[in-house]
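The next block holds one structure in the form of structure tokens; read it before the comments.
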2 protein chains.
Amino acid sequence: MEDIILLSHGSGGEQTRKLIEEEILKYLGNEILEELLDSGIFNIEGRLAFTTDSFVISPIFFNGGDIGKLSIYGTINDLSVMGARPLYLSVGFIIEEGLTLNEFRRILQSMSFASRECGVKVITGDTKVVERGKGDKIFVNTSGIGVIERDLDWRGRKIEEGDLIIINGGIGEHGLSLMLQRLGVKVGEEVKSDLAPLNSLTLPLLSLCHGIKFMRDPTRGGVAGVLNEIARKYNVEIEIEEEKIPIKDWVKYASEVLGIDPLYSANEGKVVIIVERGEADKVMEFLSKHELGKEGRIIGEVKGKGNRVYLKTRIGTKRILDPLKKDLLPRIC
Amino acid sequence: MEDIILLSHGSGGEQTRKLIEEEILKYLGNEILEELLDSGIFNIEGRLAFTTDSFVISPIFFNGGDIGKLSIYGTINDLSVMGARPLYLSVGFIIEEGLTLNEFRRILQSMSFASRECGVKVITGDTKVVERGKGDKIFVNTSGIGVIERDLDWRGRKIEEGDLIIINGGIGEHGLSLMLQRLGVKVGEEVKSDLAPLNSLTLPLLSLCHGIKFMRDPTRGGVAGVLNEIARKYNVEIEIEEEKIPIKDWVKYASEVLGIDPLYSANEGKVVIIVERGEADKVMEFLSKHELGKEGRIIGEVKGKGNRVYLKTRIGTKRILDPLKKDLLPRIC
């Protein structure tokens, strides 16, 4: 019989200790985590960013990644778009009894790879186990701490008429690939999530261009969701042009077949950037040389005061891009 | 029909925004959280403690508290026992579709009360919704950051023969009261969790007594669990005396009837303290004057090298207090 995770692994006794020492520390161990204290402790000075995300994605293994990688990159990205260099993570597992130890190991292995890739350490953690039917395989919370170099902090820079809107590549891939997988559609290798860590893109870029006024990764709610948040929060009207938006062929086809607008579909390796017009070329040149930015495009601009987002379609008409009213796709992250 | 939380509240669209702005910010809002950025941002300098806990307790409303208070106090306590002054929290909700908005509000209200009581701010958050049958009402992750004044950091102080072991009050109340409630046993008002925030106790105490060598809150696994961790980690033998252990009458009766050893039952407002013998009086005097320490007692001592915990029973025999081998009680926190 295959080894599975049991309720007793969450009891705080011997089995919890074994799970932590023999599995979790094996993959995620470092000098701070290994102290196994109630908190991870470190010295720091400066401006810090603190973020949290719970990941409930289903299925937990998907084309282009798994919940382990997602939980690390997702939190890395939330820090990176704020100009913060990610340093320390916490990890909280909520496991449904019956998850196999092999599945858990695959997830830990992914997390280990991803955290080393991004140069972060998991320094504190927690594991809970719930009964069958009271969870769904595994939920992962990661919280993260990063440090913001002063000149990388874009908050307070004013978004104005004429500022340009840039995205670093094709939209909608994470949400639509997941949808196809859930429906059991047979797909080619290219149909996969865009999951990727953005720290190697956002931090050098923010350091290069001090005219960047906003960055966010368009996850749940997609590009349309983020643009609506911006329009509303900063009281600006935004216009994007359909034909400038980078989109892979399979995304276009899938979105037509499924009736899902890719502008509302989640991304996990994209960043929406608002930059003053004079620095747009510098941003585009940087992106063109970066693995995660090669397909980047200027997709629109800030039009002045307002609170709406408009889409100029291929045939030249203009329509309002509403904030998402109903549920597109549950549990995509 | 009563308002309930739907999958669409987790979609990242309009309903998510409304839930955040009209409910979560209403209760937990502050100048950092209200920025609604991908991270909460603050300036700091010093030695920091970072901790995380996911709370999956069932039922979510229990005698003596609820999952909202528990999620705040639990993380406060993990910081406080490390000598850290709690400053900032993150909150991640995983809600099962169907939780009523009223239940959610009661939880938020509790969190609001608890965080104000402890002087902490929730500065970043996340909300996910899963389908019915894929969660259990609500799970809450809280991660926390605190700052450690240098002379409150007990790590590195060496536990030695003769050091005394102190607990600040009656054991086993959280776990046993929850068990009685789950079994539907009709109980009096005194039967309740000991849930309480320990920061007002541990921080002044650590500042007063530099001979304190260890502190931990004995949650899952109980006092016996924590003592076994200490014995194992610091290679010491520990002996505690049954008749010195503070225990309320109802805990004693309940544990006899249910066949659960209160030494393994969870606490949520207790701290196990190891202190050099010469400072024990100072600790006891401080505890005697503190609301959460009045029933505190010296319960045992460190006996020298080893890795086991012994219990001297009332009739004078000595037995090994094993680390917990099997599951006592799932989902008590």
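Starting from 1 in every chain, residues are counted up; chains themselves are A, B, ... following the order of the structure tokens, and ligands are numbered from 1 as listed.
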
Select, as a PyMOL selection string, those residues of chain A with any atom no more than 6 Å from chain B (distances computed using only C-alpha atoms). chain A and resi 8+11-14+38-53+78+124-126+133-136+220-221+324-325+327

Ser112 (chain B) surroundings by only C-alpha atoms, 12 Å radius, close-in-sequence under 2 positions cut, as a PyMOL selection string: chain B and resi 23-30+68-73+89+91+105-110+114-122

Would you save the residues of that selection, restricted to C-alpha atoms, as a PDB file, in the first residue's frame?
ATOM      1  CA  GLU B  23     -16.480  43.507   4.969  1.00  0.00           C
ATOM      2  CA  ILE B  24     -12.793  42.853   5.508  1.00  0.00           C
ATOM      3  CA  LEU B  25     -11.609  46.475   5.451  1.00  0.00           C
ATOM      4  CA  LYS B  26     -14.536  47.497   7.615  1.00  0.00           C
ATOM      5  CA  TYR B  27     -13.264  45.302  10.420  1.00  0.00           C
ATOM      6  CA  LEU B  28      -9.531  45.029   9.839  1.00  0.00           C
ATOM      7  CA  GLY B  29      -8.739  48.241   7.953  1.00  0.00           C
ATOM      8  CA  ASN B  30      -5.734  50.439   8.653  1.00  0.00           C
ATOM      9  CA  GLY B  68     -11.028  34.503  14.433  1.00  0.00           C
ATOM     10  CA  LYS B  69      -9.650  35.159  17.906  1.00  0.00           C
ATOM     11  CA  LEU B  70      -7.669  31.930  17.808  1.00  0.00           C
ATOM     12  CA  SER B  71      -5.978  32.894  14.565  1.00  0.00           C
ATOM     13  CA  ILE B  72      -4.840  36.229  15.989  1.00  0.00           C
ATOM     14  CA  TYR B  73      -3.857  35.066  19.477  1.00  0.00           C
ATOM     15  CA  LEU B  89      -0.007  40.221  10.640  1.00  0.00           C
ATOM     16  CA  VAL B  91      -4.459  36.988   7.050  1.00  0.00           C
ATOM     17  CA  ARG B 105     -18.662  38.928  10.025  1.00  0.00           C
ATOM     18  CA  ARG B 106     -18.584  37.415  13.493  1.00  0.00           C
ATOM     19  CA  ILE B 107     -15.124  36.029  12.726  1.00  0.00           C
ATOM     20  CA  LEU B 108     -13.891  39.348  11.339  1.00  0.00           C
ATOM     21  CA  GLN B 109     -15.258  41.141  14.375  1.00  0.00           C
ATOM     22  CA  SER B 110     -13.344  38.792  16.655  1.00  0.00           C
ATOM     23  CA  ALA B 114      -8.153  40.653  19.129  1.00  0.00           C
ATOM     24  CA  SER B 115      -5.749  42.582  16.925  1.00  0.00           C
ATOM     25  CA  ARG B 116      -6.611  45.897  18.577  1.00  0.00           C
ATOM     26  CA  GLU B 117      -6.240  44.284  21.999  1.00  0.00           C
ATOM     27  CA  CYS B 118      -2.730  43.114  21.096  1.00  0.00           C
ATOM     28  CA  GLY B 119      -1.692  46.295  19.302  1.00  0.00           C
ATOM     29  CA  VAL B 120      -1.048  44.617  15.953  1.00  0.00           C
ATOM     30  CA  LYS B 121      -2.132  45.526  12.448  1.00  0.00           C
ATOM     31  CA  VAL B 122      -3.265  43.222   9.680  1.00  0.00           C
TER      32      VAL B 122
END

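For Val283 (chain B), the set of protein, DNA and RNA residues having any atom at most 10 Å away, when counting only C-alpha atoms and skipping those fewer than 5 positions along the same chain, is B:Ile166, B:Asn168, B:Leu205, B:Leu206, B:Leu208, B:Cys209, B:Gly211, B:Ile212, B:Ile273, B:Val275, B:Gly278, B:Ser288, B:Gly293, B:Gly296, B:Arg297, B:Ile298.
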
Distance query Glu190 (chain A) at most 12 Å, only C-alpha atoms, self and fewer than 3 positions along chain excluded, as a PyMOL selection string: chain A and resi 63-64+173-174+177+186-187+193-194+248-251

Once DSSP has gone over the backbone, tell me which residues of region 128-314 of chain B are in strand (DSSP E), as a PyMOL selection string. chain B and resi 128-130+138-148+164-167+212-216+236-241+272-275+297-305+309-312

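Counting only C-alpha atoms, the residue from B:Glu256, B:Glu276, B:Asp3, B:Glu301 that sits nearest to Ile240 (chain B) is B:Glu301.
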
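Relative to CA of Leu311 (chain A), CA of Glu242 (chain A) is found at 6.4 Å.
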
Given only C-alpha atoms as the counted atoms, nearest of A:Ala231, A:Leu164, A:Leu183, A:Ala196 to Asp281 (chain A):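 Looking only at the distances to Asp281 (chain A), the closest residue turns out to be A:Leu164.
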
Which residues in region 97-210 of chain B does DSSP call helix (DSSP H, G or I)? List them as a ChimeraX atom specification. /B:101-118,150-152,173-182,199-208

Tell me which of A:Ile165, A:Val236, A:Ile67, A:Ile60 sits closest to Glu279 (chain A), counting only C-alpha atoms.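 Closest candidate: A:Ile165.
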